[in-house]
$ cat model-v3.pdb   # PDB, C-alpha atoms, pLDDT in the B column
ATOM      1  CA  MET A 282       0.000   0.000   0.000  1.00 77.00           C
ATOM      2  CA  PRO A 283       1.343   3.512  -0.769  1.00 85.00           C
ATOM      3  CA  THR A 284       2.682   5.729   1.981  1.00 87.00           C
ATOM      4  CA  MET A 285       0.330   8.335   3.448  1.00 86.00           C
ATOM      5  CA  LYS A 286       1.867  11.759   2.929  1.00 91.00           C
ATOM      6  CA  THR A 287       1.091  14.994   4.748  1.00 92.00           C
ATOM      7  CA  LYS A 288      -0.248  17.867   2.656  1.00 93.00           C
ATOM      8  CA  LYS A 289       2.523  20.423   3.128  1.00 93.00           C
ATOM      9  CA  SER A 290       0.197  23.401   2.672  1.00 93.00           C
ATOM     10  CA  ALA A 291      -2.064  22.132   5.452  1.00 94.00           C
ATOM     11  CA  ARG A 292       0.854  21.453   7.799  1.00 92.00           C
ATOM     12  CA  GLY A 293       1.537  25.169   8.174  1.00 92.00           C
ATOM     13  CA  ARG A 294      -2.093  26.249   8.487  1.00 94.00           C
ATOM     14  CA  ILE A 295      -3.766  23.740  10.778  1.00 95.00           C
ATOM     15  CA  LYS A 296      -2.696  21.555  13.668  1.00 94.00           C
ATOM     16  CA  MET A 297      -4.140  18.952  15.954  1.00 93.00           C
ATOM     17  CA  SER A 298      -4.538  19.592  19.666  1.00 94.00           C
ATOM     18  CA  ALA A 299      -3.514  17.012  22.246  1.00 94.00           C
ATOM     19  CA  THR A 300      -7.144  15.907  22.588  1.00 94.00           C
ATOM     20  CA  GLY A 301      -7.586  15.477  18.829  1.00 92.00           C
ATOM     21  CA  LYS A 302      -9.358  18.724  17.977  1.00 95.00           C
ATOM     22  CA  VAL A 303      -8.410  20.642  14.834  1.00 96.00           C
ATOM     23  CA  LEU A 304      -7.023  24.143  15.432  1.00 97.00           C
ATOM     24  CA  ARG A 305      -6.680  26.906  12.854  1.00 96.00           C
ATOM     25  CA  THR A 306      -5.538  30.516  12.826  1.00 94.00           C
ATOM     26  CA  GLN A 307      -8.151  33.211  12.483  1.00 94.00           C
ATOM     27  CA  ALA A 308      -8.607  34.943   9.150  1.00 94.00           C
ATOM     28  CA  GLY A 309      -8.497  38.675   8.534  1.00 94.00           C
ATOM     29  CA  LYS A 310      -5.186  39.708  10.048  1.00 93.00           C
ATOM     30  CA  SER A 311      -2.628  39.411   7.232  1.00 93.00           C
ATOM     31  CA  HIS A 312      -3.114  42.678   5.347  1.00 95.00           C
ATOM     32  CA  LEU A 313      -5.048  45.964   5.305  1.00 95.00           C
ATOM     33  CA  ASN A 314      -4.504  46.288   9.041  1.00 95.00           C
ATOM     34  CA  GLY A 315      -4.077  50.053   9.089  1.00 96.00           C
ATOM     35  CA  TYR A 316      -7.755  50.868   9.400  1.00 96.00           C
ATOM     36  CA  LYS A 317      -8.731  47.972  11.674  1.00 96.00           C
ATOM     37  CA  PRO A 318      -9.052  48.870  15.344  1.00 97.00           C
ATOM     38  CA  ARG A 319      -6.564  47.506  17.874  1.00 97.00           C
ATOM     39  CA  LYS A 320      -9.312  45.579  19.618  1.00 97.00           C
ATOM     40  CA  ARG A 321     -10.301  43.758  16.432  1.00 96.00           C
ATOM     41  CA  LYS A 322      -6.699  42.785  15.647  1.00 96.00           C
ATOM     42  CA  ARG A 323      -6.145  41.721  19.247  1.00 96.00           C
ATOM     43  CA  HIS A 324      -9.134  39.400  19.155  1.00 96.00           C
ATOM     44  CA  LEU A 325      -7.907  37.840  15.918  1.00 95.00           C
ATOM     45  CA  ARG A 326      -4.692  36.618  17.574  1.00 94.00           C
ATOM     46  CA  GLY A 327      -4.141  32.995  18.427  1.00 93.00           C
ATOM     47  CA  THR A 328      -6.000  29.927  17.264  1.00 94.00           C
ATOM     48  CA  THR A 329      -9.582  28.768  17.247  1.00 96.00           C
ATOM     49  CA  LEU A 330     -11.311  25.457  16.658  1.00 96.00           C
ATOM     50  CA  ALA A 331     -12.007  24.488  13.064  1.00 96.00           C
ATOM     51  CA  ASP A 332     -15.573  23.915  11.940  1.00 96.00           C
ATOM     52  CA  LYS A 333     -16.922  20.371  12.380  1.00 95.00           C
ATOM     53  CA  THR A 334     -17.512  20.075   8.624  1.00 96.00           C
ATOM     54  CA  PHE A 335     -13.773  20.578   7.997  1.00 95.00           C
ATOM     55  CA  VAL A 336     -12.456  18.158  10.633  1.00 95.00           C
ATOM     56  CA  LYS A 337     -12.658  15.023   8.478  1.00 94.00           C
ATOM     57  CA  THR A 338     -10.786  16.713   5.618  1.00 94.00           C
ATOM     58  CA  ALA A 339      -8.156  18.156   7.959  1.00 94.00           C
ATOM     59  CA  VAL A 340      -7.429  14.818   9.582  1.00 93.00           C
ATOM     60  CA  ARG A 341      -7.006  13.227   6.165  1.00 93.00           C
ATOM     61  CA  MET A 342      -4.586  15.971   5.088  1.00 93.00           C
ATOM     62  CA  LEU A 343      -2.461  15.566   8.231  1.00 92.00           C
ATOM     63  CA  GLN A 344      -2.458  11.757   8.297  1.00 88.00           C
ATOM     64  CA  GLY A 345       1.184  11.426   7.292  1.00 81.00           C
ATOM     65  CA  ASN A 346       2.438  12.767  10.641  1.00 66.00           C
TER      66      ASN A 346
END
$ encode --input "model-v3.pdb" --output "structure tokens"
Amino acid sequence: MPTMKTKKSARGRIKMSATGKVLRTQAGKSHLNGYKPRKRKRHLRGTTLADKTFVKTAVRMLQGN
């Protein structure tokens, strides 16, 4: 059977937590930040849980780890 390989693009964008949940970074903070308030940018820091409809796909993309 062929080797399961990790999708390299997914490796940098999503990760699995210790309990098996899929974590992702929040969108909307990479550009055009000059007009966004500090509070909005502050709340976009860190990671959040991925949507349940994306979990199956994410796990499949990261299976090679």
$ resolve_selection --input "model-v3.pdb" --expression "the PyMOL selection byres ((chain A and resi 306-309) around 12)" --output "MDAnalysis selection string"
chainID A and resid 291 293:296 303:305 310:314 317 321:332
$ closest_residue --input "model-v3.pdb" --among "A:Ser290, A:Gly315, A:Gly301, A:Pro283" --to "Lys337 of chain A" --atoms "all atoms listed in the file"
A:Gly301
$ atom_distance --input "model-v3.pdb" --atom1 "atom CA of Lys333 of chain A" --atom2 "atom CA of Lys302 of chain A"
9.6 Å
$ axis_aligned_box --input "model-v3.pdb" --around "segment 287-303 of chain A" --padding-each-side "4 Å" --output "AutoDock Vina command-line options"
--center_x -3.4 --center_y 20.6 --center_z 12.6 --size_x 19.9 --size_y 19.3 --size_z 27.9
$ atom_distance --input "model-v3.pdb" --atom1 "atom CA of Met282 of chain A" --atom2 "atom CA of Phe335 of chain A"
26.0 Å
$ residues_near_point --input "model-v3.pdb" --point "(1.0, 17.2, 5.8)" --cutoff "9 Å" --atoms "all atoms listed in the file" --output "list of chain:residue names"
A:Lys286, A:Thr287, A:Lys288, A:Lys289, A:Ser290, A:Ala291, A:Arg292, A:Gly293, A:Arg341, A:Met342, A:Leu343, A:Gln344, A:Gly345, A:Asn346
$ write_last_selection --input "model-v3.pdb" --atoms "C-alpha atoms" --output "compact mmCIF listing (two decimals), in the coordinates of the input"
# COMPACT_ATOMS: atom_id res chain seq x y z
CA LYS A 286 1.87 11.76 2.93
CA THR A 287 1.09 14.99 4.75
CA LYS A 288 -0.25 17.87 2.66
CA LYS A 289 2.52 20.42 3.13
CA SER A 290 0.20 23.40 2.67
CA ALA A 291 -2.06 22.13 5.45
CA ARG A 292 0.85 21.45 7.80
CA GLY A 293 1.54 25.17 8.17
CA ARG A 341 -7.01 13.23 6.16
CA MET A 342 -4.59 15.97 5.09
CA LEU A 343 -2.46 15.57 8.23
CA GLN A 344 -2.46 11.76 8.30
CA GLY A 345 1.18 11.43 7.29
CA ASN A 346 2.44 12.77 10.64
$ build_atoms --input "model-v3.pdb" --residues "segment 309-325 of chain A" --atoms "N, CA and C atoms" --output "short mmCIF file (atom, residue, chain, number, x, y, z; two decimals), in the coordinates of the input"
data_model
loop_
_atom_site.label_atom_id
_atom_site.label_comp_id
_atom_site.auth_asym_id
_atom_site.auth_seq_id
_atom_site.Cartn_x
_atom_site.Cartn_y
_atom_site.Cartn_z
N GLY A 309 -8.25 37.25 8.49
CA GLY A 309 -8.50 38.67 8.53
C GLY A 309 -7.42 39.50 9.21
N LYS A 310 -6.23 38.96 9.34
CA LYS A 310 -5.19 39.71 10.05
C LYS A 310 -3.90 39.85 9.24
N SER A 311 -3.88 39.43 7.98
CA SER A 311 -2.63 39.41 7.23
C SER A 311 -2.35 40.69 6.45
N HIS A 312 -3.36 41.44 6.10
CA HIS A 312 -3.11 42.68 5.35
C HIS A 312 -4.26 43.65 5.58
N LEU A 313 -4.08 44.88 5.10
CA LEU A 313 -5.05 45.96 5.30
C LEU A 313 -5.36 46.18 6.78
N ASN A 314 -4.31 46.16 7.60
CA ASN A 314 -4.50 46.29 9.04
C ASN A 314 -4.50 47.73 9.54
N GLY A 315 -4.19 48.67 8.65
CA GLY A 315 -4.08 50.05 9.09
C GLY A 315 -5.38 50.64 9.60
N TYR A 316 -6.48 50.27 9.00
CA TYR A 316 -7.76 50.87 9.40
C TYR A 316 -8.51 50.04 10.43
N LYS A 317 -8.04 48.83 10.71
CA LYS A 317 -8.73 47.97 11.67
C LYS A 317 -8.36 48.40 13.09
N PRO A 318 -9.33 48.46 13.97
CA PRO A 318 -9.05 48.87 15.34
C PRO A 318 -8.15 47.87 16.07
N ARG A 319 -7.44 48.37 17.08
CA ARG A 319 -6.56 47.51 17.87
C ARG A 319 -7.32 46.34 18.49
N LYS A 320 -8.52 46.62 18.96
CA LYS A 320 -9.31 45.58 19.62
C LYS A 320 -9.63 44.44 18.66
N ARG A 321 -9.98 44.78 17.44
CA ARG A 321 -10.30 43.76 16.43
C ARG A 321 -9.09 42.89 16.12
N LYS A 322 -7.93 43.53 15.94
CA LYS A 322 -6.70 42.78 15.65
C LYS A 322 -6.28 41.94 16.84
N ARG A 323 -6.49 42.46 18.03
CA ARG A 323 -6.14 41.72 19.25
C ARG A 323 -6.99 40.45 19.39
N HIS A 324 -8.25 40.56 19.05
CA HIS A 324 -9.13 39.40 19.16
C HIS A 324 -8.90 38.37 18.05
N LEU A 325 -8.22 38.78 17.00
CA LEU A 325 -7.91 37.84 15.92
C LEU A 325 -6.62 37.06 16.17
#
